[in-house]
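**Student:** Here you go, this is final-v3.csv (CSV, C-alpha atoms).
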chain,number,residue,atom,x,y,z
A,1,GLY,CA,11.1,-11.6,-5.9
A,2,GLN,CA,7.7,-10.8,-7.5
A,3,GLN,CA,7.5,-7.5,-9.4
A,4,LEU,CA,4.7,-5.7,-11.1
A,5,ASN,CA,5.4,-3.7,-14.2
A,6,GLN,CA,3.1,-0.6,-14.2
A,7,SER,CA,2.8,1.6,-17.2
A,8,PRO,CA,3.0,4.4,-18.2
A,9,GLN,CA,5.2,5.9,-15.6
A,10,SER,CA,3.6,9.3,-16.0
A,11,MET,CA,0.8,10.9,-18.0
A,12,PHE,CA,0.0,14.4,-18.9
A,13,ILE,CA,-3.6,14.9,-20.2
A,14,GLN,CA,-6.2,17.6,-20.7
A,15,GLU,CA,-9.3,17.8,-18.5
A,16,GLY,CA,-12.0,15.7,-20.1
A,17,GLU,CA,-9.8,13.1,-21.7
A,18,ASP,CA,-9.9,9.4,-20.9
A,19,VAL,CA,-6.9,7.7,-19.3
A,20,SER,CA,-5.8,4.1,-19.3
A,21,MET,CA,-3.0,2.5,-17.3
A,22,ASN,CA,-2.0,-1.1,-16.8
A,23,CYS,CA,0.0,-3.6,-14.7
A,24,THR,CA,1.6,-6.8,-15.8
A,25,SER,CA,3.3,-9.5,-13.8
A,26,SER,CA,5.3,-12.7,-14.5
A,27,SER,CA,3.4,-14.3,-11.6
A,28,ILE,CA,-0.3,-15.2,-11.2
A,29,PHE,CA,-2.3,-13.1,-8.8
A,30,ASN,CA,-5.7,-13.9,-7.2
A,31,THR,CA,-6.5,-10.4,-6.2
A,32,TRP,CA,-5.8,-7.0,-7.9
A,33,LEU,CA,-6.3,-3.7,-6.1
A,34,TRP,CA,-6.0,-0.2,-7.5
A,35,TYR,CA,-5.1,2.7,-5.2
A,36,LYS,CA,-4.6,6.4,-5.6
A,37,GLN,CA,-2.1,8.3,-3.5
A,38,ASP,CA,-1.9,12.1,-3.0
A,39,PRO,CA,1.4,13.7,-1.8
A,40,GLY,CA,2.1,13.0,1.8
A,41,GLU,CA,-0.9,10.7,2.3
A,42,GLY,CA,-1.5,7.0,2.3
A,43,PRO,CA,-2.9,5.1,-0.6
A,44,VAL,CA,-6.7,5.2,-0.9
A,45,LEU,CA,-8.4,2.1,-2.3
A,46,LEU,CA,-10.3,2.7,-5.6
A,47,ILE,CA,-11.3,-0.7,-6.9
A,48,ALA,CA,-10.8,-4.3,-5.9
A,49,LEU,CA,-10.8,-7.3,-8.3
A,50,TYR,CA,-11.0,-10.9,-7.2
A,51,LYS,CA,-11.8,-13.0,-10.2
A,52,ALA,CA,-10.2,-13.5,-13.6
A,53,GLY,CA,-12.1,-11.6,-16.3
A,54,GLU,CA,-13.9,-9.4,-13.7
A,55,LEU,CA,-14.8,-5.9,-14.8
A,56,THR,CA,-15.7,-3.5,-12.0
A,57,SER,CA,-16.6,0.2,-12.1
A,58,ASN,CA,-16.5,2.9,-9.4
A,59,GLY,CA,-18.0,6.1,-10.8
A,60,ARG,CA,-15.7,7.2,-13.7
A,61,LEU,CA,-13.2,4.4,-12.9
A,62,THR,CA,-13.3,1.0,-14.5
A,63,ALA,CA,-10.8,-1.8,-13.8
A,64,GLN,CA,-10.4,-5.3,-15.2
A,65,PHE,CA,-8.7,-8.4,-13.9
A,66,GLY,CA,-7.0,-10.0,-16.8
A,67,ILE,CA,-8.0,-13.5,-18.0
A,68,THR,CA,-4.4,-14.8,-17.6
A,69,ARG,CA,-4.4,-13.5,-14.0
A,70,LYS,CA,-1.1,-11.8,-14.7
A,71,ASP,CA,-2.4,-8.3,-15.7
A,72,SER,CA,-5.0,-5.7,-14.9
A,73,PHE,CA,-5.9,-2.3,-16.2
A,74,LEU,CA,-7.5,0.9,-14.9
A,75,ASN,CA,-9.5,3.4,-17.0
A,76,ILE,CA,-10.6,6.8,-15.9
A,77,SER,CA,-13.1,8.5,-18.1
A,78,ALA,CA,-13.7,12.2,-18.5
A,79,SER,CA,-10.8,13.2,-16.3
A,80,ILE,CA,-11.1,16.2,-13.9
A,81,PRO,CA,-8.4,18.1,-12.1
A,82,SER,CA,-8.9,16.2,-8.8
A,83,ASP,CA,-7.9,13.0,-10.6
A,84,VAL,CA,-4.3,14.3,-10.2
A,85,GLY,CA,-2.1,11.9,-8.2
A,86,ILE,CA,-0.2,8.7,-8.3
A,87,TYR,CA,-2.1,5.5,-9.1
A,88,PHE,CA,-0.8,2.2,-7.9
A,89,CYS,CA,-1.7,-1.4,-8.8
A,90,ALA,CA,-1.2,-4.0,-6.2
A,91,GLY,CA,-1.5,-7.8,-6.4
A,92,LEU,CA,-2.0,-10.5,-3.9
A,93,SER,CA,-0.5,-13.8,-5.1
A,94,GLN,CA,-1.6,-17.4,-4.5
A,95,GLY,CA,0.3,-19.5,-2.1
A,96,GLY,CA,-0.5,-18.2,1.3
A,97,SER,CA,1.5,-14.9,1.5
A,98,GLU,CA,-0.7,-12.0,2.5
A,99,LYS,CA,1.6,-9.3,1.4
A,100,LEU,CA,0.5,-6.9,-1.4
A,101,VAL,CA,3.1,-6.5,-4.2
A,102,PHE,CA,2.9,-3.0,-5.6
A,103,GLY,CA,3.8,-1.5,-9.0
A,104,LYS,CA,5.9,1.7,-9.1
A,105,GLY,CA,2.9,3.9,-9.8
A,106,THR,CA,1.6,6.0,-12.7
A,107,LYS,CA,1.7,9.8,-12.0
A,108,LEU,CA,-1.2,11.5,-13.5
A,109,THR,CA,-1.3,15.2,-14.3
A,110,VAL,CA,-4.5,16.8,-15.6
A,111,ASN,CA,-4.3,20.2,-17.2
A,112,PRO,CA,-7.5,22.2,-16.8
B,1,ASP,CA,-16.5,3.8,10.9
B,2,THR,CA,-13.2,5.6,11.3
B,3,GLY,CA,-10.3,4.6,9.1
B,4,VAL,CA,-6.8,3.5,9.9
B,5,SER,CA,-4.9,6.1,12.0
B,6,GLN,CA,-1.2,6.6,12.5
B,7,ASP,CA,0.8,8.6,14.9
B,8,PRO,CA,2.9,10.6,14.5
B,9,ARG,CA,2.4,11.9,11.0
B,10,HIS,CA,5.9,13.2,10.8
B,11,LYS,CA,9.1,12.4,12.7
B,12,ILE,CA,12.5,13.9,12.4
B,13,THR,CA,15.3,12.2,14.4
B,14,LYS,CA,19.1,12.1,14.5
B,15,ARG,CA,21.0,9.0,13.4
B,16,GLY,CA,21.4,6.5,16.2
B,17,GLN,CA,18.2,7.4,18.0
B,18,ASN,CA,15.3,5.0,18.5
B,19,VAL,CA,11.8,5.9,17.2
B,20,THR,CA,8.4,4.3,17.7
B,21,PHE,CA,5.3,4.6,15.5
B,22,ARG,CA,1.8,3.6,16.3
B,23,CYS,CA,-1.0,2.4,14.2
B,24,ASP,CA,-4.7,2.0,15.1
B,25,PRO,CA,-6.5,-0.2,12.6
B,26,ILE,CA,-10.2,0.0,11.6
B,27,SER,CA,-12.1,-1.5,14.5
B,28,GLU,CA,-12.8,-5.2,14.2
B,29,HIS,CA,-10.1,-5.7,11.5
B,30,ASN,CA,-8.2,-8.7,12.5
B,31,ARG,CA,-5.2,-8.2,10.2
B,32,LEU,CA,-2.7,-5.4,10.4
B,33,TYR,CA,0.2,-4.7,8.0
B,34,TRP,CA,3.2,-2.5,7.9
B,35,TYR,CA,4.7,-1.3,4.7
B,36,ARG,CA,7.6,1.1,3.8
B,37,GLN,CA,7.6,3.5,0.9
B,38,THR,CA,10.5,5.5,-0.4
B,39,LEU,CA,10.3,8.3,-2.9
B,40,GLY,CA,9.2,7.2,-6.4
B,41,GLN,CA,8.4,3.7,-5.3
B,42,GLY,CA,5.4,1.7,-4.4
B,43,PRO,CA,4.9,0.5,-0.8
B,44,GLU,CA,7.0,-2.5,0.2
B,45,PHE,CA,5.8,-5.1,2.7
B,46,LEU,CA,7.5,-5.3,6.1
B,47,THR,CA,5.3,-7.5,8.3
B,48,TYR,CA,1.8,-8.5,9.2
B,49,PHE,CA,-0.3,-9.6,12.2
B,50,GLN,CA,-3.4,-11.7,12.4
B,51,ASN,CA,-4.8,-10.7,15.8
B,52,GLU,CA,-1.8,-10.6,18.1
B,53,ALA,CA,0.3,-13.1,16.1
B,54,GLN,CA,3.0,-11.8,13.8
B,55,LEU,CA,2.7,-14.2,10.9
B,56,GLU,CA,5.1,-13.0,8.3
B,57,LYS,CA,8.2,-10.7,8.2
B,58,SER,CA,10.0,-9.4,5.1
B,59,ARG,CA,13.8,-9.6,4.7
B,60,LEU,CA,13.6,-5.8,4.7
B,61,LEU,CA,12.8,-6.0,8.4
B,62,SER,CA,16.3,-6.0,9.9
B,63,ASP,CA,17.2,-6.8,13.5
B,64,ARG,CA,16.8,-3.1,14.3
B,65,PHE,CA,13.1,-3.2,13.5
B,66,SER,CA,10.5,-4.7,15.8
B,67,ALA,CA,6.8,-4.7,15.6
B,68,GLU,CA,4.2,-5.7,18.2
B,69,ARG,CA,0.4,-5.9,18.3
B,70,PRO,CA,-0.5,-6.6,22.0
B,71,LYS,CA,-4.1,-7.7,22.5
B,72,GLY,CA,-4.6,-7.7,18.7
B,73,SER,CA,-5.7,-4.1,18.6
B,74,PHE,CA,-3.2,-1.2,17.9
B,75,SER,CA,0.3,-2.0,16.7
B,76,THR,CA,3.7,-0.3,17.2
B,77,LEU,CA,6.7,-0.3,15.0
B,78,GLU,CA,10.1,0.5,16.6
B,79,ILE,CA,13.3,1.2,14.8
B,80,GLN,CA,16.4,1.1,17.0
B,81,ARG,CA,19.7,2.9,16.2
B,82,THR,CA,18.1,4.7,13.2
B,83,GLU,CA,20.2,5.1,10.0
B,84,GLN,CA,19.8,7.6,7.2
B,85,GLY,CA,18.6,4.8,4.9
B,86,ASP,CA,15.6,4.4,7.2
B,87,SER,CA,14.1,7.7,6.0
B,88,ALA,CA,10.9,6.8,4.3
B,89,MET,CA,7.1,6.8,4.7
B,90,TYR,CA,5.9,4.0,7.0
B,91,LEU,CA,2.4,2.9,6.1
B,92,CYS,CA,0.0,0.8,8.1
B,93,ALA,CA,-2.9,-1.1,6.6
B,94,SER,CA,-5.7,-3.3,8.0
B,95,SER,CA,-8.1,-5.8,6.7
B,96,PHE,CA,-10.8,-8.2,7.9
B,97,MET,CA,-10.2,-11.4,6.0
B,98,VAL,CA,-13.3,-13.4,5.6
B,99,VAL,CA,-13.3,-14.6,2.0
B,100,ARG,CA,-11.8,-11.7,0.1
B,101,GLU,CA,-8.7,-9.7,1.1
B,102,THR,CA,-8.9,-5.8,0.9
B,103,GLN,CA,-6.3,-3.7,2.7
B,104,TYR,CA,-7.1,-0.2,3.8
B,105,PHE,CA,-4.2,2.2,4.5
B,106,GLY,CA,-3.6,4.8,7.0
B,107,PRO,CA,-2.1,8.3,6.3
B,108,GLY,CA,1.4,7.1,7.0
B,109,THR,CA,4.3,8.3,9.2
B,110,ARG,CA,7.0,10.2,7.3
B,111,LEU,CA,10.4,9.6,9.0
B,112,LEU,CA,13.5,11.7,8.3
B,113,VAL,CA,16.8,10.6,9.8
B,114,LEU,CA,19.4,13.3,9.9
Take the structure in the file and write it out as structure tokens.
**Tutor:**
Amino acid sequence: GQQLNQSPQSMFIQEGEDVSMNCTSSSIFNTWLWYKQDPGEGPVLLIALYKAGELTSNGRLTAQFGITRKDSFLNISASIPSDVGIYFCAGLSQGGSEKLVFGKGTKLTVNP
Amino acid sequence: DTGVSQDPRHKITKRGQNVTFRCDPISEHNRLYWYRQTLGQGPEFLTYFQNEAQLEKSRLLSDRFSAERPKGSFSTLEIQRTEQGDSAMYLCASSFMVVRETQYFGPGTRLLVL
């Protein structure tokens, strides 16, 4: 089945640093979504991307939909302690299926 | 606008028992999804409804699992004869598909089967 390769698996950074994570796929997606999940909670939508090449920001977060439609990245600038959590990319493929395919997540730790 | 709600938030049961979870989507969202998430993994798709019709089911959804969405509003997910391998977080999401699909998730129901 479809798989998303998300990297890195985990990151340990100092407060104030910028962060970058990405997702790649062997399949084409027509929607990329980025979510953040805190322990014991459901994923919270951060950014949605619908068009190849699209670059979208949400505060300190910026995400891009890759030109090949097989990848996406998420950047967080000037990290703060509340950025701690697990970040997931999710893709929606062409062809009629409405299921999101998720990566395995990037666990972010921010040291104050 | 209230978000997606799920009940209960936590459930502990003994192997072999039946359990039922409820999901209330964002009002006016016509699509509702169920996902399952195990530790260290991303959510995996189980099934989805458009209004009251169940349109797609994953192979993960064994015969012991059944989902309903009567009247196209809330949904229930029932697991019969639970097994220890059913222990997971069960997530519900909803969306209002017009042109662009965006799924909003509830807080999840964490199931522990002893």
**Student:** Of the residues A:Phe12, A:Trp34, A:Phe73, A:Tyr50, which is the one nearest to chain B, using all atoms listed in the file?
**Tutor:** A:Tyr50
**Student:** Between CA of Ser77 (chain A) and CA of Val19 (chain A), measure the distance and give it in Å to one decimal.
**Tutor:**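 Interatomic distance, CA of Ser77 (chain A) to CA of Val19 (chain A): 6.4 Å.
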**Student:** Give me, as a Markdown table, each residue of chain A that comes within 12 Å of chain B, together with its shortest interatomic pair and the distance in Å at one decimal, counting all atoms listed in the file, with rows ordered by chain and rising residue number.
**Tutor:**
| residue | atom | partner | partner_atom | distance |
| --- | --- | --- | --- | --- |
| A:Gly1 | CA | B:Arg59 | CA | 11.1 |
| A:Gln2 | CA | B:Glu44 | CA | 11.3 |
| A:Gln3 | CA | B:Gly42 | CA | 10.7 |
| A:Leu4 | CA | B:Gly42 | CA | 10.0 |
| A:Asn5 | CA | B:Gly42 | CA | 11.2 |
| A:Gln6 | CA | B:Gly42 | CA | 10.3 |
| A:Gln9 | CA | B:Gly40 | CA | 10.1 |
| A:Ser10 | CA | B:Gly40 | CA | 11.3 |
| A:Asn30 | CA | B:Arg100 | CA | 9.8 |
| A:Thr31 | CA | B:Glu101 | CA | 7.7 |
| A:Trp32 | CA | B:Thr102 | CA | 9.4 |
| A:Leu33 | CA | B:Thr102 | CA | 7.8 |
| A:Trp34 | CA | B:Thr102 | CA | 10.5 |
| A:Tyr35 | CA | B:Tyr104 | CA | 9.7 |
| A:Lys36 | CA | B:Phe105 | CA | 10.9 |
| A:Gln37 | CA | B:Pro107 | CA | 9.8 |
| A:Asp38 | CA | B:Pro107 | CA | 10.0 |
| A:Pro39 | CA | B:Pro107 | CA | 10.3 |
| A:Gly40 | CA | B:Pro107 | CA | 7.7 |
| A:Glu41 | CA | B:Pro107 | CA | 4.8 |
| A:Gly42 | CA | B:Pro107 | CA | 4.2 |
| A:Pro43 | CA | B:Phe105 | CA | 6.0 |
| A:Val44 | CA | B:Phe105 | CA | 6.7 |
| A:Leu45 | CA | B:Tyr104 | CA | 6.6 |
| A:Leu46 | CA | B:Tyr104 | CA | 10.3 |
| A:Ile47 | CA | B:Thr102 | CA | 9.6 |
| A:Ala48 | CA | B:Thr102 | CA | 7.2 |
| A:Leu49 | CA | B:Thr102 | CA | 9.5 |
| A:Tyr50 | CA | B:Arg100 | CA | 7.4 |
| A:Lys51 | CA | B:Arg100 | CA | 10.4 |
| A:Ile86 | CA | B:Gly40 | CA | 9.7 |
| A:Tyr87 | CA | B:Gly42 | CA | 9.6 |
| A:Phe88 | CA | B:Gly42 | CA | 7.1 |
| A:Cys89 | CA | B:Gly42 | CA | 8.9 |
| A:Ala90 | CA | B:Gly42 | CA | 8.9 |
| A:Gly91 | CA | B:Glu101 | CA | 10.6 |
| A:Leu92 | CA | B:Glu101 | CA | 8.4 |
| A:Ser93 | CA | B:Glu101 | CA | 11.1 |
| A:Gln94 | CA | B:Glu101 | CA | 11.9 |
| A:Gly96 | CA | B:Glu56 | CA | 10.4 |
| A:Ser97 | CA | B:Glu56 | CA | 7.9 |
| A:Glu98 | CA | B:Tyr48 | CA | 8.0 |
| A:Lys99 | CA | B:Phe45 | CA | 6.1 |
| A:Leu100 | CA | B:Phe45 | CA | 6.9 |
| A:Val101 | CA | B:Glu44 | CA | 7.1 |
| A:Phe102 | CA | B:Gly42 | CA | 5.5 |
| A:Gly103 | CA | B:Gly42 | CA | 5.8 |
| A:Lys104 | CA | B:Gly42 | CA | 4.7 |
| A:Gly105 | CA | B:Gly42 | CA | 6.3 |
| A:Thr106 | CA | B:Gly40 | CA | 9.9 |
| A:Lys107 | CA | B:Gly40 | CA | 9.7 |
**Student:** Which residue, A:Ile13, A:Ser27, A:Thr109, A:Met21, has the smallest gap to Asn75 (chain A) when you use only C-alpha atoms?
**Tutor:**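 The closest residue to Asn75 (chain A) is A:Met21.
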**Student:** Separation of CA of Pro81 (chain A) and CA of Leu55 (chain A), in Å?
**Tutor:**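 Between these atoms lies a distance of 25.0 Å.
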**Student:** Counting only C-alpha atoms, what is within 8 Å of region 76-88 of chain B, bar same-chain residues fewer than 3 positions away, as a PyMOL selection string?
**Tutor:** chain B and resi 14-23+36-39+64-69+110-114
**Student:** Record the distance separating CA of Ser27 (chain B) and CA of Thr2 (chain B), expressed in Å with one decimal.
**Tutor:**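 Rounded to one decimal, the two atoms are 7.9 Å apart.
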